[in-house]
Amino acid sequence: MNITQKVQKSLKKRYLKEKIFKSMGFISVAVAFLFLLILISDITIKALPAFVQTQIVLQVDLNEQDLGITQQSNVDEIRQVDFRRVIRAALKKQFPQVKKRKQKKDLYSLVSVGAEYQLRDLVLENREILGTTQKVTFIADDDVDALIKGVIDRNDEESGRRVKDFKLKLIETLEKNGQIEKNFNWQFFSSGDSREPELAGIKGAVLGSLYTLLVTLLMTFPVAVAAAIYLEEFAPKNRMVDFIEININNLAAVPSIVFGLLGLAVFINFFELPRSAPIVGGIVLSLMTLPTIIIASRSAIKAVPPSLREAALGLGASKMQTVFHHVFPAALPGILTGTIIGMAQALGETAPLLMIGMVAFIVDIPQSVTDPATVLPIQVYLWADSPERGFLEKTSAAILVLIAFLITMNAIAIYLRKKFEKKW
Amino acid sequence: MTVSAILFLLVLLAAFSYFMGRQKIHAVYQQQRQNVDTNVRSKAKFTLPKYFGYVAALWSLVPALLVLLVIEIIDEPIITTQLTDYMVQSNLNVGNNFDLYLNEIQNLDANNLADVEHAKIKVFEKLNHLNKIASTAKSVIVLALAILMTIFGLKKITVGIPARQYFEKAIEIILLLAASIAVLTTVGIVLSVLFESIRFFGEIPVVDFMFGTQWSPQTAIRADQVGSSAAFGAVPLFIGTMLISFVALTVAVPLGLMSAIFLSEYASSGFRAFAKPVLEILAGIPTVVYGFFAALTVAPFIRELGQSIGLSVASESALAAGLVMGIMIIPFVSSLADDVISAVPQAMREGSLGLGATKSETIVKVLIPAALPGIVGGVLLAASRAIGETMIVVMAAGLAANLTVNPLNAVTTVTVQIVTLLTGDQEFDSAKTLAAFALGLMLFLTTLVLNIIALHVVRKYREQYD
């Protein structure tokens, strides 16, 4: 057998190997895609129920004498009234057969504990409804919500079901009367955190993220751009500059949690800045994103062709004028793209913020950068840890909102890059 | 006067200097222009008046700012010493804990002194008095200096001086300072973890920490409590971290490498244009989302899978956390691998193909060996990523420190323990919280060494083909 025959004989095997190798490559990409698909669809499916809110319509009798207030009462007087009684009376009126103590408790727990405040706000908004009987839509309790959405299966054995037969019957009666409504959950976007899943919302976390990012942007952008300009345009080739460069590259790869330790030791324990505040979070995140933005800005500046610099210098501009009047504006789109990507990274970051105490249960919506706040990823972390089932869908919904923000930011970055990209 | 008020006045003064300086030079130029014969071009160096303005503004701003900074740093220690002297002189009985007493006084509320003992009120008044003096002195010194410097600066600028060069030098210094913040950050990280670690090692010997196999940081409140003896042997954490990172790398390295090869060597340009951004999405998803997914979807799935074939899998198994972490690092590995593979010169590829090798033979026998240093560097960077990853393991890995290498068991990692030790309210000085900083130091050093080696290898490799 000569060489040609040998080679030809081996060809089939070699081509087969080639095919296997190629398909292994394809499978790798496919695995990554499949995982992404599963991740996104799993979270979306879990999240969808959170955007719908179950509500119960009740006839409430706002009798002025029972409440002890009139239409002329001032705000403080109305605030002190126990509206829970009115709601309970309405429920009792509809189900007069409920007598036992335990059954009453089931009956009253059909509506959320937030219902009384809902009614109070309604009265404060429009006092003319005092003394009349009104149809009011109340937020349902999370158990009712779960049952209506089918998260709790009605056909399960009673012993294994969270909503027992008696309560189920009550809910089914309400359903038959058309007193149960499903509406879009605005509450989720307009309220702060709560211990009750049906009342919890993400507004506080979104604002906290916004304030934190604002601080990060204001601190990082000028410093990163100045550093990038210095390193690209002015830095002499010496040991100090080398040292700075090595430092920046290393910082880019330091685990984010270490920045949290820095923040805790330096900003909170040494400088005594407020705990849990967006200002500290913003500073820590800006130190963390600084290397990313410096590296991106440097490559944007490097991409500006030397002919532009030479032309400016040739016309008598000084080095500084060349850089600030010509190179910097030409590199700006690239710098902005890098900045947005760095900000997106900061928006999704959780670990360093855990270290500086942003992981707290905060109901109030933050008003400034020094108020205690949480951010979106931490809200996700907190809710994921909650034992109540109702928080599962809230967690997923918060993740969807977070991912929506990230996709928007990245889309803007890609758009900027496409629009201003120049081929020199 | 508050610091922000002083700063505001300083900025106003600087603006004033700028306009006055510019005006002064502008007037001189006007005069010169009138004197010079219109037919003869002036040979004098011409610097734009605004640069003189900038220099004047810098004169009035910079020294005052520096002095303000110095005063801000030194005023608190001075006030404290003064107060201490006062308390010693007036023979106050402050008890054993002097710092605590001082703290109490600093936290007194001026409007609510009704039921505070008389001695304390006296000290409090003294403190207020000192604070007032300090504040007045600060405003007077800083503003006086700023005004003096403004007058000096306005005198100093004349047409002859190279104002633009001065200004540009100042800007260059500012740029250099911005670049040095990275160094400052590194120094800050090293100092903050190092100091607390030294305090920790003062209580727990280094050897016990590095080689002890028992980790239970719970210090008991009562002596007779169960598990009262806190143990700080970090070996189970190191092993746990390595186990999870190993699982992650066994997922990420083959998949990431093969994806990079497929995308750069086989895929059509259309598919590449679609696939690369999709992979980038995978890299852009926040780690807390991966953690949620690992804890609620992947871990139960693996557990059920294990049970169906008769294996007992912990609900917080290292496998689940490692698997998800591996998927997270795929885009990281693939983009690094893509870089190094495309850096291999085209001639080597063509030489191999020309000799009759198939594409896969070229890749396995020529491209990968040639790119190996770069790939190794990429893997090291990925390892440092995996070791430092926090949220996935916090949410999906266990808390108990088990010394095991079975990926089906629950293990805990260095980052998980840092988070557990530091979240929540405990006093800052206990060995428990200090231990978190010692772990942080270990984490920082490990990743630093990995990064330095990786960056060095990658750089060396790049130079080889440049």
# chains A, B, ... in the order shown; residues from 1 in each chain; ligands from 1
>>> residues_around(residues="Asn185 in chain A", least_positions_apart="4", cutoff="9 Å", atoms="only C-alpha atoms", output="list in words")
Ala50, Phe51, Val52, Gln53, Thr54 and Phe189 of chain A
>>> select_by_dssp(residues="range 71-166 of chain A", states="alpha helix (DSSP H)", output="mmCIF file with N, CA and C atoms, in the first residue's frame")
data_model
loop_
_atom_site.group_PDB
_atom_site.id
_atom_site.type_symbol
_atom_site.label_atom_id
_atom_site.label_comp_id
_atom_site.auth_asym_id
_atom_site.auth_seq_id
_atom_site.Cartn_x
_atom_site.Cartn_y
_atom_site.Cartn_z
ATOM 1 N N VAL A 75 -57.608 66.733 58.507
ATOM 2 C CA VAL A 75 -56.819 65.573 58.090
ATOM 3 C C VAL A 75 -56.421 64.710 59.287
ATOM 4 N N ASP A 76 -55.972 65.343 60.375
ATOM 5 C CA ASP A 76 -55.506 64.572 61.530
ATOM 6 C C ASP A 76 -56.621 63.726 62.122
ATOM 7 N N GLU A 77 -57.818 64.304 62.175
ATOM 8 C CA GLU A 77 -58.938 63.539 62.734
ATOM 9 C C GLU A 77 -59.240 62.310 61.874
ATOM 10 N N ILE A 78 -59.200 62.515 60.571
ATOM 11 C CA ILE A 78 -59.503 61.392 59.678
ATOM 12 C C ILE A 78 -58.422 60.320 59.786
ATOM 13 N N ARG A 79 -57.182 60.764 59.960
ATOM 14 C CA ARG A 79 -56.075 59.802 60.066
ATOM 15 C C ARG A 79 -56.226 58.883 61.274
ATOM 16 N N GLN A 80 -56.886 59.411 62.316
ATOM 17 C CA GLN A 80 -56.982 58.609 63.528
ATOM 18 C C GLN A 80 -58.106 57.583 63.491
ATOM 19 N N ARG A 84 -60.483 49.943 59.545
ATOM 20 C CA ARG A 84 -60.536 48.493 59.459
ATOM 21 C C ARG A 84 -61.927 47.989 59.843
ATOM 22 N N ARG A 85 -62.529 48.685 60.833
ATOM 23 C CA ARG A 85 -63.847 48.290 61.316
ATOM 24 C C ARG A 85 -64.874 48.321 60.185
ATOM 25 N N VAL A 86 -64.774 49.367 59.356
ATOM 26 C CA VAL A 86 -65.742 49.528 58.267
ATOM 27 C C VAL A 86 -65.647 48.367 57.283
ATOM 28 N N ILE A 87 -64.409 48.019 56.975
ATOM 29 C CA ILE A 87 -64.214 46.939 56.006
ATOM 30 C C ILE A 87 -64.716 45.622 56.575
ATOM 31 N N ARG A 88 -64.420 45.413 57.864
ATOM 32 C CA ARG A 88 -64.874 44.172 58.501
ATOM 33 C C ARG A 88 -66.393 44.102 58.536
ATOM 34 N N ALA A 89 -67.013 45.260 58.792
ATOM 35 C CA ALA A 89 -68.472 45.287 58.816
ATOM 36 C C ALA A 89 -69.030 44.919 57.452
ATOM 37 N N ALA A 90 -68.383 45.432 56.406
ATOM 38 C CA ALA A 90 -68.853 45.135 55.052
ATOM 39 C C ALA A 90 -68.768 43.643 54.762
ATOM 40 N N LEU A 91 -67.642 43.032 55.207
ATOM 41 C CA LEU A 91 -67.475 41.594 54.988
ATOM 42 C C LEU A 91 -68.506 40.802 55.778
ATOM 43 N N LYS A 92 -68.751 41.265 57.017
ATOM 44 C CA LYS A 92 -69.691 40.551 57.884
ATOM 45 C C LYS A 92 -71.109 40.619 57.310
ATOM 46 N N LYS A 93 -71.407 41.761 56.737
ATOM 47 C CA LYS A 93 -72.737 41.955 56.180
ATOM 48 C C LYS A 93 -72.976 40.992 55.018
ATOM 49 N N GLN A 94 -71.928 40.785 54.255
ATOM 50 C CA GLN A 94 -72.099 39.913 53.098
ATOM 51 C C GLN A 94 -72.149 38.439 53.492
ATOM 52 N N ARG A 101 -65.127 32.343 65.847
ATOM 53 C CA ARG A 101 -63.982 33.239 65.926
ATOM 54 C C ARG A 101 -62.937 32.950 64.834
ATOM 55 N N LYS A 102 -62.669 31.643 64.663
ATOM 56 C CA LYS A 102 -61.623 31.268 63.713
ATOM 57 C C LYS A 102 -62.069 31.554 62.281
ATOM 58 N N GLN A 103 -63.363 31.342 62.068
ATOM 59 C CA GLN A 103 -63.878 31.584 60.725
ATOM 60 C C GLN A 103 -63.882 33.067 60.399
ATOM 61 N N LYS A 104 -64.185 33.865 61.448
ATOM 62 C CA LYS A 104 -64.158 35.310 61.248
ATOM 63 C C LYS A 104 -62.765 35.764 60.836
ATOM 64 N N LYS A 105 -61.783 35.159 61.474
ATOM 65 C CA LYS A 105 -60.401 35.532 61.159
ATOM 66 C C LYS A 105 -60.106 35.243 59.682
ATOM 67 N N ASP A 106 -60.589 34.098 59.216
ATOM 68 C CA ASP A 106 -60.413 33.765 57.795
ATOM 69 C C ASP A 106 -61.094 34.794 56.910
ATOM 70 N N LEU A 107 -62.308 35.185 57.342
ATOM 71 C CA LEU A 107 -63.092 36.125 56.546
ATOM 72 C C LEU A 107 -62.360 37.466 56.427
ATOM 73 N N TYR A 108 -61.873 37.950 57.587
ATOM 74 C CA TYR A 108 -61.234 39.269 57.584
ATOM 75 C C TYR A 108 -59.932 39.263 56.803
ATOM 76 N N ALA A 115 -55.636 47.415 53.158
ATOM 77 C CA ALA A 115 -56.929 47.892 52.670
ATOM 78 C C ALA A 115 -57.425 49.108 53.443
ATOM 79 N N GLU A 116 -57.181 49.103 54.770
ATOM 80 C CA GLU A 116 -57.704 50.225 55.565
ATOM 81 C C GLU A 116 -57.051 51.543 55.158
ATOM 82 N N TYR A 117 -55.776 51.485 54.810
ATOM 83 C CA TYR A 117 -55.098 52.715 54.384
ATOM 84 C C TYR A 117 -55.590 53.160 53.013
ATOM 85 N N GLN A 118 -55.930 52.139 52.195
ATOM 86 C CA GLN A 118 -56.504 52.437 50.896
ATOM 87 C C GLN A 118 -57.798 53.236 51.069
ATOM 88 N N LEU A 119 -58.647 52.758 52.005
ATOM 89 C CA LEU A 119 -59.925 53.412 52.250
ATOM 90 C C LEU A 119 -59.701 54.801 52.830
ATOM 91 N N ARG A 120 -58.729 54.906 53.750
ATOM 92 C CA ARG A 120 -58.444 56.196 54.378
ATOM 93 C C ARG A 120 -58.012 57.219 53.322
ATOM 94 N N ASP A 121 -57.118 56.805 52.435
ATOM 95 C CA ASP A 121 -56.647 57.718 51.390
ATOM 96 C C ASP A 121 -57.785 58.148 50.488
ATOM 97 N N LEU A 122 -58.698 57.183 50.249
ATOM 98 C CA LEU A 122 -59.855 57.490 49.415
ATOM 99 C C LEU A 122 -60.702 58.579 50.058
ATOM 100 N N VAL A 123 -60.902 58.452 51.383
ATOM 101 C CA VAL A 123 -61.708 59.431 52.108
ATOM 102 C C VAL A 123 -61.012 60.791 52.112
ATOM 103 N N LEU A 124 -59.709 60.761 52.343
ATOM 104 C CA LEU A 124 -58.961 62.016 52.376
ATOM 105 C C LEU A 124 -59.034 62.726 51.029
ATOM 106 N N GLU A 125 -59.053 61.956 49.982
ATOM 107 C CA GLU A 125 -59.068 62.529 48.646
ATOM 108 C C GLU A 125 -60.424 63.165 48.338
ATOM 109 N N ASP A 142 -52.455 38.131 49.835
ATOM 110 C CA ASP A 142 -51.626 37.356 48.901
ATOM 111 C C ASP A 142 -52.098 35.920 48.727
ATOM 112 N N ASP A 143 -52.749 35.346 49.743
ATOM 113 C CA ASP A 143 -53.262 33.989 49.586
ATOM 114 C C ASP A 143 -54.397 33.938 48.568
ATOM 115 N N VAL A 144 -55.297 34.921 48.665
ATOM 116 C CA VAL A 144 -56.399 34.999 47.712
ATOM 117 C C VAL A 144 -55.830 35.188 46.313
ATOM 118 N N ASP A 145 -54.852 36.088 46.234
ATOM 119 C CA ASP A 145 -54.193 36.390 44.975
ATOM 120 C C ASP A 145 -53.624 35.119 44.353
ATOM 121 N N ALA A 146 -52.912 34.340 45.186
ATOM 122 C CA ALA A 146 -52.276 33.115 44.688
ATOM 123 C C ALA A 146 -53.327 32.111 44.218
ATOM 124 N N LEU A 147 -54.451 32.053 44.940
ATOM 125 C CA LEU A 147 -55.510 31.108 44.580
ATOM 126 C C LEU A 147 -56.146 31.495 43.248
ATOM 127 N N ILE A 148 -56.439 32.780 43.104
ATOM 128 C CA ILE A 148 -57.097 33.248 41.888
ATOM 129 C C ILE A 148 -56.180 33.040 40.677
ATOM 130 N N ASP A 165 -60.650 24.802 53.057
ATOM 131 C CA ASP A 165 -61.943 24.701 52.387
ATOM 132 C C ASP A 165 -62.872 25.848 52.706
ATOM 133 N N PHE A 166 -62.901 26.246 53.982
ATOM 134 C CA PHE A 166 -63.846 27.288 54.380
ATOM 135 C C PHE A 166 -63.545 28.592 53.645
#
>>> closest_residue(among="A:Thr292, A:Gln72, A:Ser297, A:Thr350", to="chain B", atoms="only C-alpha atoms")
A:Thr350
>>> closest_residue(among="A:Ile69, A:Ile293, A:Leu261, A:Val163", to="Leu434 in chain B", atoms="only C-alpha atoms")
A:Leu261
>>> residues_around(residues="Ile368 in chain B", least_positions_apart="2", cutoff="12 Å", atoms="only C-alpha atoms", output="MDAnalysis selection string")
chainID B and resid 257:258 260:261 337:338 340:344 348:349 360:366 370:376
>>> write_last_selection(atoms="C-alpha atoms", output="mmCIF file, in the first residue's frame")
data_model
loop_
_atom_site.group_PDB
_atom_site.id
_atom_site.type_symbol
_atom_site.label_atom_id
_atom_site.label_comp_id
_atom_site.auth_asym_id
_atom_site.auth_seq_id
_atom_site.Cartn_x
_atom_site.Cartn_y
_atom_site.Cartn_z
ATOM 1 C CA LEU B 257 -13.133 27.704 24.001
ATOM 2 C CA MET B 258 -15.226 25.654 21.579
ATOM 3 C CA ALA B 260 -14.811 30.877 20.325
ATOM 4 C CA ILE B 261 -13.332 28.407 17.834
ATOM 5 C CA ALA B 337 -9.979 32.974 23.528
ATOM 6 C CA ASP B 338 -11.313 34.745 20.456
ATOM 7 C CA VAL B 340 -5.772 35.159 21.219
ATOM 8 C CA ILE B 341 -6.866 32.828 18.409
ATOM 9 C CA SER B 342 -7.360 35.656 15.969
ATOM 10 C CA ALA B 343 -3.925 36.983 16.937
ATOM 11 C CA VAL B 344 -2.264 33.844 15.512
ATOM 12 C CA MET B 348 0.471 29.601 10.090
ATOM 13 C CA ARG B 349 -3.131 28.740 9.293
ATOM 14 C CA SER B 360 -10.012 20.779 12.745
ATOM 15 C CA GLU B 361 -6.475 19.374 12.470
ATOM 16 C CA THR B 362 -5.185 22.875 11.834
ATOM 17 C CA ILE B 363 -6.999 24.167 14.863
ATOM 18 C CA VAL B 364 -5.994 21.387 17.236
ATOM 19 C CA LYS B 365 -2.415 20.922 16.073
ATOM 20 C CA VAL B 366 -1.412 24.439 15.010
ATOM 21 C CA ALA B 370 0.406 28.536 19.132
ATOM 22 C CA ALA B 371 -2.254 30.311 21.185
ATOM 23 C CA LEU B 372 -1.735 28.206 24.297
ATOM 24 C CA PRO B 373 -0.042 30.844 26.489
ATOM 25 C CA GLY B 374 -2.852 33.266 25.725
ATOM 26 C CA ILE B 375 -5.463 30.639 26.459
ATOM 27 C CA VAL B 376 -3.790 29.753 29.743
#
>>> residues_around(residues="Asp42 in chain A", least_positions_apart="3", cutoff="9 Å", atoms="only C-alpha atoms", output="CSV table (one decimal) with C-alpha atoms, in the first residue's frame")
chain,number,residue,atom,x,y,z
A,37,LEU,CA,-33.4,31.0,26.7
A,38,ILE,CA,-34.3,28.9,29.7
A,39,LEU,CA,-33.1,31.6,32.1
A,45,ILE,CA,-43.1,33.0,33.3
A,46,LYS,CA,-42.5,33.4,37.0
A,47,ALA,CA,-42.8,37.1,36.7
A,396,SER,CA,-38.9,37.6,39.1
B,293,PHE,CA,-31.9,31.1,39.0
B,297,THR,CA,-34.5,26.4,39.4
>>> residues_around(residues="Ala404 in chain A", least_positions_apart="2", cutoff="12 Å", atoms="only C-alpha atoms", output="PyMOL selection string")
(chain A and resi 40+44+344+347-348+376+397-402+406-411) or (chain B and resi 281+284-286)
>>> select_by_dssp(residues="range 140-194 of chain A", states="strand (DSSP E)", output="ChimeraX atom specification")
/A:180-184
>>> write_last_selection(atoms="N, CA and C atoms", output="PDB file, in the first residue's frame")
ATOM      1  N   ILE A 180     -64.661  39.767  42.418  1.00  0.00           N
ATOM      2  CA  ILE A 180     -63.205  39.653  42.321  1.00  0.00           C
ATOM      3  C   ILE A 180     -62.760  40.133  40.953  1.00  0.00           C
ATOM      4  N   GLU A 181     -61.808  41.082  40.974  1.00  0.00           N
ATOM      5  CA  GLU A 181     -61.338  41.645  39.711  1.00  0.00           C
ATOM      6  C   GLU A 181     -59.844  41.414  39.584  1.00  0.00           C
ATOM      7  N   LYS A 182     -59.401  41.333  38.345  1.00  0.00           N
ATOM      8  CA  LYS A 182     -57.950  41.250  38.118  1.00  0.00           C
ATOM      9  C   LYS A 182     -57.554  42.442  37.268  1.00  0.00           C
ATOM     10  N   ASN A 183     -56.676  43.266  37.816  1.00  0.00           N
ATOM     11  CA  ASN A 183     -56.278  44.471  37.098  1.00  0.00           C
ATOM     12  C   ASN A 183     -54.774  44.564  37.007  1.00  0.00           C
ATOM     13  N   PHE A 184     -54.311  45.490  36.169  1.00  0.00           N
ATOM     14  CA  PHE A 184     -52.865  45.691  36.056  1.00  0.00           C
ATOM     15  C   PHE A 184     -52.340  46.226  37.380  1.00  0.00           C
TER      16      PHE A 184
END
>>> closest_residue(among="B:Lys132, B:Lys276, B:Lys24, B:Lys155", to="chain A", atoms="only C-alpha atoms")
B:Lys276
>>> atom_distance(atom1="CA of Arg33 in chain B", atom2="CA of Phe46 in chain B")
11.7 Å
>>> closest_residue(among="A:Pro352, A:Pro255, A:Pro49, A:Pro366", to="chain B", atoms="only C-alpha atoms")
A:Pro255
>>> closest_residue(among="A:Val98, A:Ala317, A:Leu168, A:Met358", to="Ser276 in chain A", atoms="only C-alpha atoms")
A:Met358
>>> closest_atom_pairs(of="range 280-370 of chain A", to="range 181-194 of chain B", cutoff="8 Å", atoms="only C-alpha atoms", output="Markdown table")
| residue | atom | partner | partner_atom | distance |
| --- | --- | --- | --- | --- |
| A:Leu287 | CA | B:Thr185 | CA | 7.2 |
| A:Leu290 | CA | B:Ala182 | CA | 7.8 |
| A:Pro291 | CA | B:Ala182 | CA | 7.5 |
